[in-house]
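Below: model08.cif (mmCIF, C-alpha atoms)
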data_model
#
loop_
_atom_site.label_atom_id
_atom_site.label_comp_id
_atom_site.auth_asym_id
_atom_site.auth_seq_id
_atom_site.Cartn_x
_atom_site.Cartn_y
_atom_site.Cartn_z
CA MET A 21 14.47 197.15 -173.34
CA ILE A 22 15.52 199.00 -170.20
CA ASP A 23 16.60 197.14 -167.13
CA ALA A 24 15.83 193.83 -168.77
CA LYS A 25 17.98 191.81 -166.42
CA TRP A 26 16.69 190.58 -163.12
CA ASN A 27 19.19 190.05 -160.33
CA GLN A 28 18.79 187.37 -157.69
CA ARG A 29 17.12 189.69 -155.20
CA GLU A 30 14.65 190.91 -157.83
CA LYS A 31 13.86 187.35 -158.83
CA SER A 32 13.09 186.44 -155.26
CA ILE A 33 10.84 189.50 -154.77
CA SER A 34 9.09 188.78 -158.07
CA ARG A 35 8.41 185.17 -157.28
CA ALA A 36 6.88 186.05 -153.91
CA ALA A 37 4.73 188.83 -155.39
CA PHE A 38 3.61 186.64 -158.28
CA ASP A 39 2.63 183.77 -155.98
CA LYS A 40 0.82 186.14 -153.65
CA ALA A 41 -1.21 187.64 -156.51
CA LEU A 42 -2.15 184.18 -157.74
CA LYS A 43 -3.18 183.14 -154.27
CA ASN A 44 -5.24 186.32 -153.79
CA GLU A 45 -7.00 185.88 -157.11
CA CYS A 46 -7.69 182.18 -156.46
CA ASN A 47 -9.08 183.01 -153.04
CA HIS A 48 -11.40 185.49 -154.70
CA ILE A 49 -12.52 182.82 -157.18
CA ILE A 50 -13.10 180.37 -154.32
CA GLU A 51 -15.29 182.92 -152.52
CA THR A 52 -17.24 183.54 -155.73
CA ILE A 53 -17.76 179.80 -156.25
CA LYS A 54 -19.05 179.37 -152.70
CA GLU A 55 -21.45 182.25 -153.21
CA LYS A 56 -22.67 180.97 -156.59
CA ALA A 57 -22.97 177.40 -155.28
CA GLY A 58 -25.04 178.61 -152.35
CA ARG A 59 -27.55 180.14 -154.76
CA LEU A 60 -27.61 177.20 -157.23
CA SER A 61 -31.07 175.82 -157.81
CA LYS A 62 -31.69 175.45 -161.56
CA PRO A 63 -29.94 173.09 -164.00
CA LYS A 64 -28.95 175.94 -166.31
CA GLU A 65 -27.06 177.57 -163.43
CA ILE A 66 -24.80 174.49 -163.29
CA TRP A 67 -23.59 175.27 -166.79
CA GLU A 68 -23.30 178.97 -166.02
CA LEU A 69 -20.97 178.01 -163.18
CA GLU A 70 -19.02 175.76 -165.53
CA ASP A 71 -18.72 178.65 -168.00
CA TYR A 72 -17.54 180.93 -165.22
CA LEU A 73 -14.86 178.44 -164.11
CA TYR A 74 -13.76 177.69 -167.64
CA GLN A 75 -13.29 181.40 -168.34
CA ARG A 76 -11.35 181.87 -165.09
CA ARG A 77 -9.09 178.96 -166.00
CA ILE A 78 -8.25 180.44 -169.39
CA GLU A 79 -7.75 183.88 -167.87
CA ILE A 80 -5.52 182.62 -165.04
CA ASP A 81 -3.48 180.47 -167.42
CA GLN A 82 -2.90 183.40 -169.74
CA LYS A 83 -2.33 186.05 -167.12
CA TYR A 84 0.07 184.26 -164.79
CA ASP A 85 2.99 183.98 -167.16
CA TYR A 86 6.25 183.91 -165.20
CA ARG A 87 8.73 184.72 -167.91
CA TYR A 88 11.10 187.57 -167.17
CA SER A 89 10.53 188.89 -170.68
CA VAL A 90 6.87 189.62 -169.90
CA LEU A 91 6.90 190.02 -166.12
CA ILE A 92 6.77 193.81 -166.10
CA ARG A 93 3.53 193.72 -168.07
CA VAL A 94 2.17 190.92 -165.88
CA PHE A 95 2.88 192.87 -162.69
CA GLY A 96 1.34 195.99 -164.24
CA GLN A 97 -1.86 194.08 -164.84
CA LEU A 98 -1.85 192.44 -161.40
CA VAL A 99 -1.41 195.79 -159.67
CA ARG A 100 -4.08 197.41 -161.85
CA GLU A 101 -6.50 194.63 -160.99
CA GLY A 102 -5.67 194.84 -157.30
CA TRP A 103 -4.20 191.37 -156.77
CA ILE A 104 -0.97 192.88 -155.42
CA GLU A 105 0.12 196.34 -154.36
CA MET A 106 3.21 198.28 -155.44
CA LYS A 107 4.70 197.89 -151.96
CA GLU A 108 5.00 194.15 -152.61
CA LEU A 109 7.35 194.90 -155.48
CA GLU A 110 9.67 197.14 -153.44
CA GLY A 111 13.26 196.18 -154.12
CA LEU A 112 12.87 195.90 -157.89
CA GLY A 113 14.94 198.35 -159.92
CA ALA A 114 13.53 201.87 -160.16
CA GLU A 115 12.95 201.66 -163.90
CA LYS A 116 11.05 198.39 -163.55
CA LEU A 117 8.87 199.89 -160.83
CA GLU A 118 8.17 202.92 -162.94
CA ARG A 119 7.12 200.85 -165.94
CA ILE A 120 4.90 198.67 -163.76
CA GLN A 121 3.21 201.78 -162.39
CA VAL A 122 2.60 203.11 -165.88
CA ILE A 123 1.03 199.82 -167.01
CA ALA A 124 -0.99 199.68 -163.79
CA GLY A 125 -2.36 203.14 -164.59
CA LEU A 126 -1.03 204.60 -161.35
CA ASN A 127 0.64 207.52 -163.10
CA ASP A 128 -2.57 208.85 -164.66
CA MET B 1320 -36.73 146.83 -184.80
CA ILE B 1321 -39.69 145.76 -182.69
CA ASP B 1322 -42.30 148.24 -181.62
CA ALA B 1323 -40.33 151.08 -183.16
CA LYS B 1324 -43.28 153.45 -183.39
CA TRP B 1325 -44.28 155.61 -180.49
CA ASN B 1326 -47.93 156.59 -180.19
CA GLN B 1327 -49.07 159.87 -178.73
CA ARG B 1328 -49.60 158.46 -175.24
CA GLU B 1329 -46.15 156.86 -175.27
CA LYS B 1330 -44.57 160.10 -176.43
CA SER B 1331 -46.17 161.95 -173.57
CA ILE B 1332 -45.06 159.36 -170.98
CA SER B 1333 -41.53 159.38 -172.46
CA ARG B 1334 -41.19 163.12 -172.38
CA ALA B 1335 -42.26 163.29 -168.74
CA ALA B 1336 -39.92 160.46 -167.72
CA PHE B 1337 -37.02 161.93 -169.67
CA ASP B 1338 -37.49 165.37 -168.13
CA LYS B 1339 -37.80 163.88 -164.66
CA ALA B 1340 -34.58 161.90 -165.05
CA LEU B 1341 -32.73 165.01 -166.24
CA LYS B 1342 -34.09 167.01 -163.33
CA ASN B 1343 -33.10 164.28 -160.85
CA GLU B 1344 -29.61 164.03 -162.25
CA CYS B 1345 -29.14 167.81 -162.30
CA ASN B 1346 -30.35 168.03 -158.71
CA HIS B 1347 -27.76 165.45 -157.78
CA ILE B 1348 -25.07 167.48 -159.55
CA ILE B 1349 -26.22 170.62 -157.72
CA GLU B 1350 -25.94 168.85 -154.37
CA THR B 1351 -22.46 167.62 -155.29
CA ILE B 1352 -21.37 171.13 -156.29
CA LYS B 1353 -22.63 172.58 -153.01
CA GLU B 1354 -20.75 169.91 -151.10
CA LYS B 1355 -17.53 170.38 -153.11
CA ALA B 1356 -17.80 174.18 -152.88
CA GLY B 1357 -18.21 173.98 -149.13
CA ARG B 1358 -14.89 172.13 -148.86
CA LEU B 1359 -12.99 174.31 -151.37
CA SER B 1360 -9.85 175.82 -149.94
CA LYS B 1361 -6.95 175.28 -152.35
CA PRO B 1362 -6.48 176.75 -155.84
CA LYS B 1363 -6.04 173.31 -157.42
CA GLU B 1364 -9.48 172.33 -156.13
CA ILE B 1365 -10.99 175.10 -158.27
CA TRP B 1366 -9.76 173.33 -161.38
CA GLU B 1367 -10.83 169.94 -160.06
CA LEU B 1368 -14.34 171.38 -159.73
CA GLU B 1369 -14.09 172.76 -163.25
CA ASP B 1370 -13.03 169.31 -164.51
CA TYR B 1371 -15.92 167.71 -162.66
CA LEU B 1372 -18.43 170.14 -164.19
CA TYR B 1373 -16.95 169.84 -167.66
CA GLN B 1374 -17.20 166.05 -167.50
CA ARG B 1375 -20.80 166.25 -166.27
CA ARG B 1376 -21.66 168.61 -169.12
CA ILE B 1377 -20.29 166.22 -171.73
CA GLU B 1378 -21.96 163.26 -170.08
CA ILE B 1379 -25.34 164.97 -169.78
CA ASP B 1380 -25.18 166.23 -173.37
CA GLN B 1381 -24.41 162.76 -174.67
CA LYS B 1382 -26.78 160.82 -172.45
CA TYR B 1383 -29.93 162.90 -172.76
CA ASP B 1384 -30.64 162.28 -176.42
CA TYR B 1385 -34.37 162.51 -177.07
CA ARG B 1386 -34.60 160.77 -180.43
CA TYR B 1387 -37.16 157.99 -180.65
CA SER B 1388 -34.59 155.88 -182.49
CA VAL B 1389 -32.36 155.76 -179.39
CA LEU B 1390 -34.85 156.33 -176.57
CA ILE B 1391 -35.10 152.70 -175.48
CA ARG B 1392 -31.36 152.62 -174.87
CA VAL B 1393 -31.46 156.01 -173.16
CA PHE B 1394 -34.22 154.89 -170.79
CA GLY B 1395 -32.37 151.64 -170.12
CA GLN B 1396 -29.35 153.63 -169.01
CA LEU B 1397 -31.41 156.10 -166.96
CA VAL B 1398 -33.17 153.28 -165.10
CA ARG B 1399 -29.89 151.43 -164.54
CA GLU B 1400 -28.31 154.57 -163.11
CA GLY B 1401 -31.34 155.22 -160.92
CA TRP B 1402 -32.46 158.55 -162.38
CA ILE B 1403 -35.94 157.14 -163.06
CA GLU B 1404 -37.77 153.96 -162.08
CA MET B 1405 -39.61 151.53 -164.33
CA LYS B 1406 -42.93 152.64 -162.87
CA GLU B 1407 -42.41 156.04 -164.48
CA LEU B 1408 -42.44 154.34 -167.87
CA GLU B 1409 -45.71 152.49 -167.29
CA GLY B 1410 -47.95 152.88 -170.31
CA LEU B 1411 -45.22 152.23 -172.88
CA GLY B 1412 -45.72 149.14 -175.02
CA ALA B 1413 -44.82 145.81 -173.38
CA GLU B 1414 -41.95 145.12 -175.79
CA LYS B 1415 -40.44 148.53 -175.19
CA LEU B 1416 -40.63 148.02 -171.43
CA GLU B 1417 -39.03 144.63 -171.71
CA ARG B 1418 -36.12 145.95 -173.75
CA ILE B 1419 -35.62 148.83 -171.35
CA GLN B 1420 -35.50 146.36 -168.46
CA VAL B 1421 -32.91 144.26 -170.23
CA ILE B 1422 -30.70 147.29 -170.91
CA ALA B 1423 -31.21 148.45 -167.33
CA GLY B 1424 -29.97 145.06 -166.14
CA LEU B 1425 -33.21 144.35 -164.26
CA ASN B 1426 -33.62 140.95 -165.87
CA ASP B 1427 -30.30 139.60 -164.65
#
Take the structure in this file and express it as C-alpha coordinates.
Amino acid sequence: MIDAKWNQREKSISRAAFDKALKNECNHIIETIKEKAGRLSKPKEIWELEDYLYQRRIEIDQKYDYRYSVLIRVFGQLVREGWIEMKELEGLGAEKLERIQVIAGLND
Amino acid sequence: MIDAKWNQREKSISRAAFDKALKNECNHIIETIKEKAGRLSKPKEIWELEDYLYQRRIEIDQKYDYRYSVLIRVFGQLVREGWIEMKELEGLGAEKLERIQVIAGLND
(Lines of atoms letter the chains of each structure in order from A and count residues from 1; the text may use other names and numbers.)
(Lines give C-alpha, C1' and ligand atoms only; values in the text may rest on other atoms or scores of the structure.)
Protein backbone atom coordinates (compact mmCIF):
# COMPACT_ATOMS: atom_id res chain seq x y z
CA MET A 1 0.00 0.00 0.00
CA ILE A 2 1.36 3.40 -1.00
CA ASP A 3 1.48 6.23 1.45
CA ALA A 4 -0.26 4.14 4.07
CA LYS A 5 0.85 6.27 6.97
CA TRP A 6 -1.05 9.34 8.01
CA ASN A 7 0.87 12.12 9.70
CA GLN A 8 -0.64 14.37 12.34
CA ARG A 9 -1.60 17.08 9.88
CA GLU A 10 -3.27 14.55 7.57
CA LYS A 11 -5.17 13.05 10.49
CA SER A 12 -6.49 16.44 11.44
CA ILE A 13 -7.57 17.25 7.86
CA SER A 14 -9.18 13.82 7.55
CA ARG A 15 -11.14 14.10 10.74
CA ALA A 16 -12.53 17.50 9.76
CA ALA A 17 -13.46 16.32 6.25
CA PHE A 18 -15.03 13.13 7.56
CA ASP A 19 -17.13 14.99 10.13
CA LYS A 20 -18.18 17.54 7.55
CA ALA A 21 -19.32 14.83 5.11
CA LEU A 22 -21.31 13.13 7.85
CA LYS A 23 -22.91 16.39 8.84
CA ASN A 24 -23.77 17.21 5.21
CA GLU A 25 -25.30 13.79 4.62
CA CYS A 26 -27.28 13.92 7.88
CA ASN A 27 -28.57 17.37 7.00
CA HIS A 28 -29.74 15.97 3.69
CA ILE A 29 -31.51 13.11 5.49
CA ILE A 30 -33.14 15.61 7.88
CA GLU A 31 -34.44 17.64 4.93
CA THR A 32 -35.79 14.48 3.30
CA ILE A 33 -37.54 13.44 6.54
CA LYS A 34 -39.17 16.86 6.87
CA GLU A 35 -40.37 16.65 3.29
CA LYS A 36 -41.68 13.08 3.67
CA ALA A 37 -43.32 13.90 7.02
CA GLY A 38 -45.07 16.88 5.49
CA ARG A 39 -46.68 14.61 2.91
CA LEU A 40 -47.56 11.76 5.34
CA SER A 41 -51.22 10.88 5.33
CA LYS A 42 -51.62 7.10 5.03
CA PRO A 43 -50.61 4.44 7.57
CA LYS A 44 -48.51 2.55 5.03
CA GLU A 45 -46.41 5.70 4.51
CA ILE A 46 -45.39 5.51 8.18
CA TRP A 47 -43.69 2.19 7.50
CA GLU A 48 -42.20 3.45 4.26
CA LEU A 49 -40.59 6.23 6.29
CA GLU A 50 -39.36 3.67 8.81
CA ASP A 51 -37.87 1.62 5.97
CA TYR A 52 -36.20 4.72 4.57
CA LEU A 53 -34.66 5.59 7.96
CA TYR A 54 -33.61 2.03 8.65
CA GLN A 55 -31.82 1.85 5.30
CA ARG A 56 -30.11 5.20 5.91
CA ARG A 57 -28.94 4.00 9.32
CA ILE A 58 -27.36 0.87 7.87
CA GLU A 59 -25.82 2.85 5.02
CA ILE A 60 -24.41 5.56 7.30
CA ASP A 61 -23.05 3.00 9.76
CA GLN A 62 -21.30 1.10 6.98
CA LYS A 63 -20.06 4.07 5.02
CA TYR A 64 -18.63 6.23 7.79
CA ASP A 65 -15.81 3.96 8.83
CA TYR A 66 -12.95 6.01 10.26
CA ARG A 67 -10.13 3.52 10.10
CA TYR A 68 -6.98 4.72 8.37
CA SER A 69 -6.77 1.40 6.56
CA VAL A 70 -10.00 2.13 4.67
CA LEU A 71 -10.14 5.93 4.73
CA ILE A 72 -8.95 6.45 1.16
CA ARG A 73 -11.84 4.36 -0.12
CA VAL A 74 -14.27 6.11 2.23
CA PHE A 75 -13.18 9.56 1.03
CA GLY A 76 -13.41 8.37 -2.58
CA GLN A 77 -17.02 7.41 -2.02
CA LEU A 78 -17.86 10.60 -0.11
CA VAL A 79 -16.42 12.77 -2.87
CA ARG A 80 -18.17 10.73 -5.56
CA GLU A 81 -21.47 11.12 -3.76
CA GLY A 82 -20.92 14.84 -3.24
CA TRP A 83 -20.80 14.96 0.56
CA ILE A 84 -17.37 16.62 0.45
CA GLU A 85 -15.23 18.17 -2.25
CA MET A 86 -11.58 17.46 -3.08
CA LYS A 87 -10.61 20.91 -1.80
CA GLU A 88 -11.58 19.79 1.71
CA LEU A 89 -8.89 17.13 1.53
CA GLU A 90 -6.11 19.53 0.50
CA GLY A 91 -3.04 18.86 2.59
CA LEU A 92 -3.19 15.08 2.30
CA GLY A 93 -0.24 13.47 0.54
CA ALA A 94 -0.31 13.65 -3.26
CA GLU A 95 -0.62 9.89 -3.68
CA LYS A 96 -3.56 9.73 -1.29
CA LEU A 97 -5.30 12.54 -3.15
CA GLU A 98 -4.73 10.83 -6.45
CA ARG A 99 -6.18 7.55 -5.23
CA ILE A 100 -9.19 9.33 -3.75
CA GLN A 101 -9.80 11.05 -7.09
CA VAL A 102 -9.62 7.73 -8.92
CA ILE A 103 -12.15 6.13 -6.56
CA ALA A 104 -14.34 9.23 -6.79
CA GLY A 105 -14.35 8.84 -10.58
CA LEU A 106 -12.86 12.29 -11.10
CA ASN A 107 -10.15 11.00 -13.41
CA ASP A 108 -12.56 9.52 -15.96
CA MET B 1 -64.40 -19.90 27.23
CA ILE B 2 -67.71 -18.06 27.41
CA ASP B 3 -69.37 -16.77 24.29
CA ALA B 4 -66.42 -17.84 22.19
CA LYS B 5 -68.33 -17.87 18.92
CA TRP B 6 -68.75 -14.75 16.88
CA ASN B 7 -71.84 -14.45 14.71
CA GLN B 8 -71.88 -12.61 11.42
CA ARG B 9 -73.15 -9.37 12.92
CA GLU B 10 -70.49 -9.48 15.63
CA LYS B 11 -67.79 -10.14 13.05
CA SER B 12 -68.87 -7.12 11.08
CA ILE B 13 -68.94 -4.86 14.17
CA SER B 14 -65.53 -6.19 15.25
CA ARG B 15 -63.91 -5.61 11.90
CA ALA B 16 -65.14 -2.02 11.76
CA ALA B 17 -64.03 -1.30 15.34
CA PHE B 18 -60.65 -2.93 14.79
CA ASP B 19 -60.02 -0.96 11.60
CA LYS B 20 -61.10 2.27 13.26
CA ALA B 21 -58.75 1.74 16.20
CA LEU B 22 -55.85 1.04 13.83
CA LYS B 23 -56.66 4.14 11.82
CA ASN B 24 -56.88 6.26 14.98
CA GLU B 25 -53.60 4.97 16.30
CA CYS B 26 -51.84 5.44 12.95
CA ASN B 27 -53.19 8.99 12.71
CA HIS B 28 -51.74 9.66 16.13
CA ILE B 29 -48.37 8.28 15.00
CA ILE B 30 -48.51 10.46 11.88
CA GLU B 31 -49.14 13.56 14.00
CA THR B 32 -46.24 12.61 16.28
CA ILE B 33 -43.92 12.12 13.30
CA LYS B 34 -44.86 15.52 11.87
CA GLU B 35 -44.19 17.12 15.22
CA LYS B 36 -40.85 15.32 15.71
CA ALA B 37 -39.80 16.04 12.11
CA GLY B 38 -40.56 19.71 12.57
CA ARG B 39 -38.13 19.85 15.50
CA LEU B 40 -35.38 17.73 13.87
CA SER B 41 -32.04 19.46 13.74
CA LYS B 42 -29.33 17.10 15.01
CA PRO B 43 -28.09 13.87 13.43
CA LYS B 44 -28.75 11.86 16.59
CA GLU B 45 -32.41 12.88 16.42
CA ILE B 46 -32.68 11.07 13.08
CA TRP B 47 -31.89 7.80 14.82
CA GLU B 48 -34.18 8.62 17.73
CA LEU B 49 -36.98 9.01 15.18
CA GLU B 50 -35.99 5.71 13.60
CA ASP B 51 -36.09 4.05 17.04
CA TYR B 52 -39.50 5.57 17.70
CA LEU B 53 -40.87 4.27 14.38
CA TYR B 54 -39.31 0.85 14.80
CA GLN B 55 -40.88 0.51 18.25
CA ARG B 56 -44.27 1.62 16.92
CA ARG B 57 -44.02 -0.93 14.11
CA ILE B 58 -43.36 -3.77 16.53
CA GLU B 59 -46.09 -2.59 18.87
CA ILE B 60 -48.68 -2.20 16.11
CA ASP B 61 -47.80 -5.58 14.60
CA GLN B 62 -48.18 -7.30 17.95
CA LYS B 63 -51.24 -5.45 19.16
CA TYR B 64 -53.44 -5.60 16.06
CA ASP B 65 -54.02 -9.33 15.99
CA TYR B 66 -57.37 -10.08 14.38
CA ARG B 67 -57.92 -13.65 15.53
CA TYR B 68 -61.26 -14.32 17.18
CA SER B 69 -59.44 -16.33 19.86
CA VAL B 70 -57.66 -13.20 21.09
CA LEU B 71 -60.01 -10.42 19.99
CA ILE B 72 -61.60 -9.83 23.40
CA ARG B 73 -58.18 -9.10 24.87
CA VAL B 74 -57.24 -6.96 21.88
CA PHE B 75 -60.39 -4.86 22.19
CA GLY B 76 -59.85 -4.56 25.94
CA GLN B 77 -56.43 -3.08 25.29
CA LEU B 78 -57.66 -0.80 22.49
CA VAL B 79 -60.43 0.60 24.69
CA ARG B 80 -58.05 1.03 27.64
CA GLU B 81 -55.61 2.92 25.45
CA GLY B 82 -58.39 5.07 24.00
CA TRP B 83 -58.16 4.02 20.35
CA ILE B 84 -61.85 3.03 20.35
CA GLU B 85 -64.74 3.51 22.76
CA MET B 86 -67.12 0.90 24.12
CA LYS B 87 -69.95 2.37 22.07
CA GLU B 88 -68.15 1.24 18.91
CA LEU B 89 -68.50 -2.35 20.11
CA GLU B 90 -72.24 -2.14 20.73
CA GLY B 91 -73.95 -5.16 19.23
CA LEU B 92 -71.42 -7.68 20.53
CA GLY B 93 -72.79 -10.24 22.98
CA ALA B 94 -73.24 -9.02 26.57
CA GLU B 95 -70.61 -11.39 27.96
CA LYS B 96 -68.06 -10.29 25.40
CA LEU B 97 -68.71 -6.64 26.22
CA GLU B 98 -68.38 -7.31 29.91
CA ARG B 99 -65.04 -9.05 29.49
CA ILE B 100 -63.76 -6.27 27.26
CA GLN B 101 -64.75 -3.73 29.92
CA VAL B 102 -62.91 -5.66 32.59
CA ILE B 103 -59.74 -5.86 30.49
CA ALA B 104 -60.10 -2.18 29.63
CA GLY B 105 -60.22 -1.40 33.35
CA LEU B 106 -63.65 0.25 33.06
CA ASN B 107 -65.08 -1.81 35.90
CA ASP B 108 -62.55 -0.65 38.46
**Message:** Evaluate the PyMOL selection byres ((chain B) within 6 of (chain A)) against this structure - the residues, as a ChimeraX atom specification, please.
**Reply:** /B:1345,1353,1356,1362,1369,1372
**Message:** Residues within 12 Å of (-33.9, 160.5, -174.3), file coordinates, counting only C-alpha atoms: what are they? Give the list as a PyMOL selection string.
**Reply:** chain B and resi 1330+1332-1341+1379-1398+1403
Result of fitting chain B to chain A over every paired C-alpha, as an mmCIF file with C-alpha atoms, in the frame of the given file:
data_model
loop_
_atom_site.group_PDB
_atom_site.id
_atom_site.type_symbol
_atom_site.label_atom_id
_atom_site.label_comp_id
_atom_site.auth_asym_id
_atom_site.auth_seq_id
_atom_site.Cartn_x
_atom_site.Cartn_y
_atom_site.Cartn_z
ATOM 1 C CA MET B 1320 14.537 197.209 -173.325
ATOM 2 C CA ILE B 1321 15.553 199.060 -170.179
ATOM 3 C CA ASP B 1322 16.619 197.196 -167.097
ATOM 4 C CA ALA B 1323 15.820 193.884 -168.742
ATOM 5 C CA LYS B 1324 17.986 191.821 -166.412
ATOM 6 C CA TRP B 1325 16.685 190.589 -163.116
ATOM 7 C CA ASN B 1326 19.183 190.065 -160.313
ATOM 8 C CA GLN B 1327 18.799 187.396 -157.682
ATOM 9 C CA ARG B 1328 17.112 189.705 -155.177
ATOM 10 C CA GLU B 1329 14.655 190.913 -157.817
ATOM 11 C CA LYS B 1330 13.873 187.351 -158.834
ATOM 12 C CA SER B 1331 13.086 186.462 -155.263
ATOM 13 C CA ILE B 1332 10.838 189.520 -154.763
ATOM 14 C CA SER B 1333 9.088 188.788 -158.087
ATOM 15 C CA ARG B 1334 8.410 185.181 -157.284
ATOM 16 C CA ALA B 1335 6.885 186.060 -153.919
ATOM 17 C CA ALA B 1336 4.725 188.827 -155.405
ATOM 18 C CA PHE B 1337 3.614 186.638 -158.294
ATOM 19 C CA ASP B 1338 2.652 183.774 -155.992
ATOM 20 C CA LYS B 1339 0.818 186.134 -153.663
ATOM 21 C CA ALA B 1340 -1.196 187.636 -156.514
ATOM 22 C CA LEU B 1341 -2.153 184.165 -157.760
ATOM 23 C CA LYS B 1342 -3.170 183.123 -154.267
ATOM 24 C CA ASN B 1343 -5.242 186.298 -153.806
ATOM 25 C CA GLU B 1344 -6.987 185.850 -157.116
ATOM 26 C CA CYS B 1345 -7.684 182.159 -156.480
ATOM 27 C CA ASN B 1346 -9.075 182.991 -153.049
ATOM 28 C CA HIS B 1347 -11.393 185.470 -154.695
ATOM 29 C CA ILE B 1348 -12.514 182.809 -157.176
ATOM 30 C CA ILE B 1349 -13.113 180.372 -154.307
ATOM 31 C CA GLU B 1350 -15.293 182.915 -152.514
ATOM 32 C CA THR B 1351 -17.241 183.535 -155.722
ATOM 33 C CA ILE B 1352 -17.778 179.799 -156.241
ATOM 34 C CA LYS B 1353 -19.054 179.373 -152.686
ATOM 35 C CA GLU B 1354 -21.447 182.259 -153.191
ATOM 36 C CA LYS B 1355 -22.666 180.986 -156.585
ATOM 37 C CA ALA B 1356 -22.979 177.418 -155.268
ATOM 38 C CA GLY B 1357 -25.042 178.619 -152.341
ATOM 39 C CA ARG B 1358 -27.567 180.158 -154.744
ATOM 40 C CA LEU B 1359 -27.627 177.235 -157.217
ATOM 41 C CA SER B 1360 -31.085 175.861 -157.800
ATOM 42 C CA LYS B 1361 -31.706 175.485 -161.540
ATOM 43 C CA PRO B 1362 -29.979 173.124 -163.991
ATOM 44 C CA LYS B 1363 -28.969 175.981 -166.302
ATOM 45 C CA GLU B 1364 -27.071 177.578 -163.419
ATOM 46 C CA ILE B 1365 -24.824 174.502 -163.292
ATOM 47 C CA TRP B 1366 -23.602 175.283 -166.787
ATOM 48 C CA GLU B 1367 -23.297 178.984 -166.018
ATOM 49 C CA LEU B 1368 -20.970 178.012 -163.164
ATOM 50 C CA GLU B 1369 -19.048 175.751 -165.519
ATOM 51 C CA ASP B 1370 -18.713 178.642 -167.997
ATOM 52 C CA TYR B 1371 -17.533 180.929 -165.221
ATOM 53 C CA LEU B 1372 -14.878 178.431 -164.099
ATOM 54 C CA TYR B 1373 -13.762 177.682 -167.637
ATOM 55 C CA GLN B 1374 -13.302 181.391 -168.336
ATOM 56 C CA ARG B 1375 -11.360 181.853 -165.091
ATOM 57 C CA ARG B 1376 -9.114 178.926 -165.999
ATOM 58 C CA ILE B 1377 -8.258 180.420 -169.381
ATOM 59 C CA GLU B 1378 -7.748 183.849 -167.879
ATOM 60 C CA ILE B 1379 -5.527 182.598 -165.060
ATOM 61 C CA ASP B 1380 -3.480 180.441 -167.439
ATOM 62 C CA GLN B 1381 -2.897 183.369 -169.766
ATOM 63 C CA LYS B 1382 -2.316 186.030 -167.141
ATOM 64 C CA TYR B 1383 0.082 184.244 -164.817
ATOM 65 C CA ASP B 1384 3.022 183.958 -167.174
ATOM 66 C CA TYR B 1385 6.261 183.917 -165.200
ATOM 67 C CA ARG B 1386 8.754 184.741 -167.935
ATOM 68 C CA TYR B 1387 11.120 187.595 -167.173
ATOM 69 C CA SER B 1388 10.541 188.907 -170.692
ATOM 70 C CA VAL B 1389 6.871 189.617 -169.903
ATOM 71 C CA LEU B 1390 6.914 190.032 -166.121
ATOM 72 C CA ILE B 1391 6.765 193.828 -166.105
ATOM 73 C CA ARG B 1392 3.529 193.714 -168.075
ATOM 74 C CA VAL B 1393 2.180 190.907 -165.901
ATOM 75 C CA PHE B 1394 2.883 192.855 -162.707
ATOM 76 C CA GLY B 1395 1.362 195.980 -164.240
ATOM 77 C CA GLN B 1396 -1.847 194.073 -164.855
ATOM 78 C CA LEU B 1397 -1.827 192.422 -161.417
ATOM 79 C CA VAL B 1398 -1.395 195.779 -159.670
ATOM 80 C CA ARG B 1399 -4.075 197.396 -161.838
ATOM 81 C CA GLU B 1400 -6.502 194.600 -161.004
ATOM 82 C CA GLY B 1401 -5.652 194.825 -157.313
ATOM 83 C CA TRP B 1402 -4.191 191.350 -156.797
ATOM 84 C CA ILE B 1403 -0.963 192.854 -155.428
ATOM 85 C CA GLU B 1404 0.119 196.336 -154.365
ATOM 86 C CA MET B 1405 3.199 198.261 -155.444
ATOM 87 C CA LYS B 1406 4.691 197.882 -151.978
ATOM 88 C CA GLU B 1407 4.989 194.148 -152.602
ATOM 89 C CA LEU B 1408 7.344 194.907 -155.476
ATOM 90 C CA GLU B 1409 9.651 197.141 -153.441
ATOM 91 C CA GLY B 1410 13.251 196.192 -154.096
ATOM 92 C CA LEU B 1411 12.873 195.897 -157.871
ATOM 93 C CA GLY B 1412 14.924 198.360 -159.897
ATOM 94 C CA ALA B 1413 13.517 201.902 -160.141
ATOM 95 C CA GLU B 1414 12.933 201.673 -163.899
ATOM 96 C CA LYS B 1415 11.064 198.410 -163.553
ATOM 97 C CA LEU B 1416 8.857 199.892 -160.839
ATOM 98 C CA GLU B 1417 8.147 202.929 -162.937
ATOM 99 C CA ARG B 1418 7.100 200.860 -165.936
ATOM 100 C CA ILE B 1419 4.903 198.666 -163.776
ATOM 101 C CA GLN B 1420 3.208 201.778 -162.394
ATOM 102 C CA VAL B 1421 2.568 203.097 -165.873
ATOM 103 C CA ILE B 1422 1.018 199.802 -167.000
ATOM 104 C CA ALA B 1423 -0.993 199.661 -163.781
ATOM 105 C CA GLY B 1424 -2.367 203.113 -164.584
ATOM 106 C CA LEU B 1425 -1.026 204.585 -161.333
ATOM 107 C CA ASN B 1426 0.649 207.475 -163.112
ATOM 108 C CA ASP B 1427 -2.532 208.779 -164.698
#
**Request:** Using the chain letters and numbering of this document, enumerate as an MDAnalysis selection string the residues selected by the PyMOL selection byres ((chain B and resi 1409) around 12).
**Result:** chainID B and resid 1328:1333 1335:1336 1403:1408 1410:1417 1419:1420
Saved selection, atoms kept: C-alpha atoms, as a PDB file, in the coordinates of the input:
ATOM      1  CA  ARG B1328     -49.600 158.460-175.240  1.00  0.00           C
ATOM      2  CA  GLU B1329     -46.150 156.860-175.270  1.00  0.00           C
ATOM      3  CA  LYS B1330     -44.570 160.100-176.430  1.00  0.00           C
ATOM      4  CA  SER B1331     -46.170 161.950-173.570  1.00  0.00           C
ATOM      5  CA  ILE B1332     -45.060 159.360-170.980  1.00  0.00           C
ATOM      6  CA  SER B1333     -41.530 159.380-172.460  1.00  0.00           C
ATOM      7  CA  ALA B1335     -42.260 163.290-168.740  1.00  0.00           C
ATOM      8  CA  ALA B1336     -39.920 160.460-167.720  1.00  0.00           C
ATOM      9  CA  ILE B1403     -35.940 157.140-163.060  1.00  0.00           C
ATOM     10  CA  GLU B1404     -37.770 153.960-162.080  1.00  0.00           C
ATOM     11  CA  MET B1405     -39.610 151.530-164.330  1.00  0.00           C
ATOM     12  CA  LYS B1406     -42.930 152.640-162.870  1.00  0.00           C
ATOM     13  CA  GLU B1407     -42.410 156.040-164.480  1.00  0.00           C
ATOM     14  CA  LEU B1408     -42.440 154.340-167.870  1.00  0.00           C
ATOM     15  CA  GLY B1410     -47.950 152.880-170.310  1.00  0.00           C
ATOM     16  CA  LEU B1411     -45.220 152.230-172.880  1.00  0.00           C
ATOM     17  CA  GLY B1412     -45.720 149.140-175.020  1.00  0.00           C
ATOM     18  CA  ALA B1413     -44.820 145.810-173.380  1.00  0.00           C
ATOM     19  CA  GLU B1414     -41.950 145.120-175.790  1.00  0.00           C
ATOM     20  CA  LYS B1415     -40.440 148.530-175.190  1.00  0.00           C
ATOM     21  CA  LEU B1416     -40.630 148.020-171.430  1.00  0.00           C
ATOM     22  CA  GLU B1417     -39.030 144.630-171.710  1.00  0.00           C
ATOM     23  CA  ILE B1419     -35.620 148.830-171.350  1.00  0.00           C
ATOM     24  CA  GLN B1420     -35.500 146.360-168.460  1.00  0.00           C
TER      25      GLN B1420
END
**Asked** What does the distance between atom CA of His1347 of chain B and atom CA of Trp1402 of chain B come to in Å, to one decimal place?
**Response** 9.5 Å
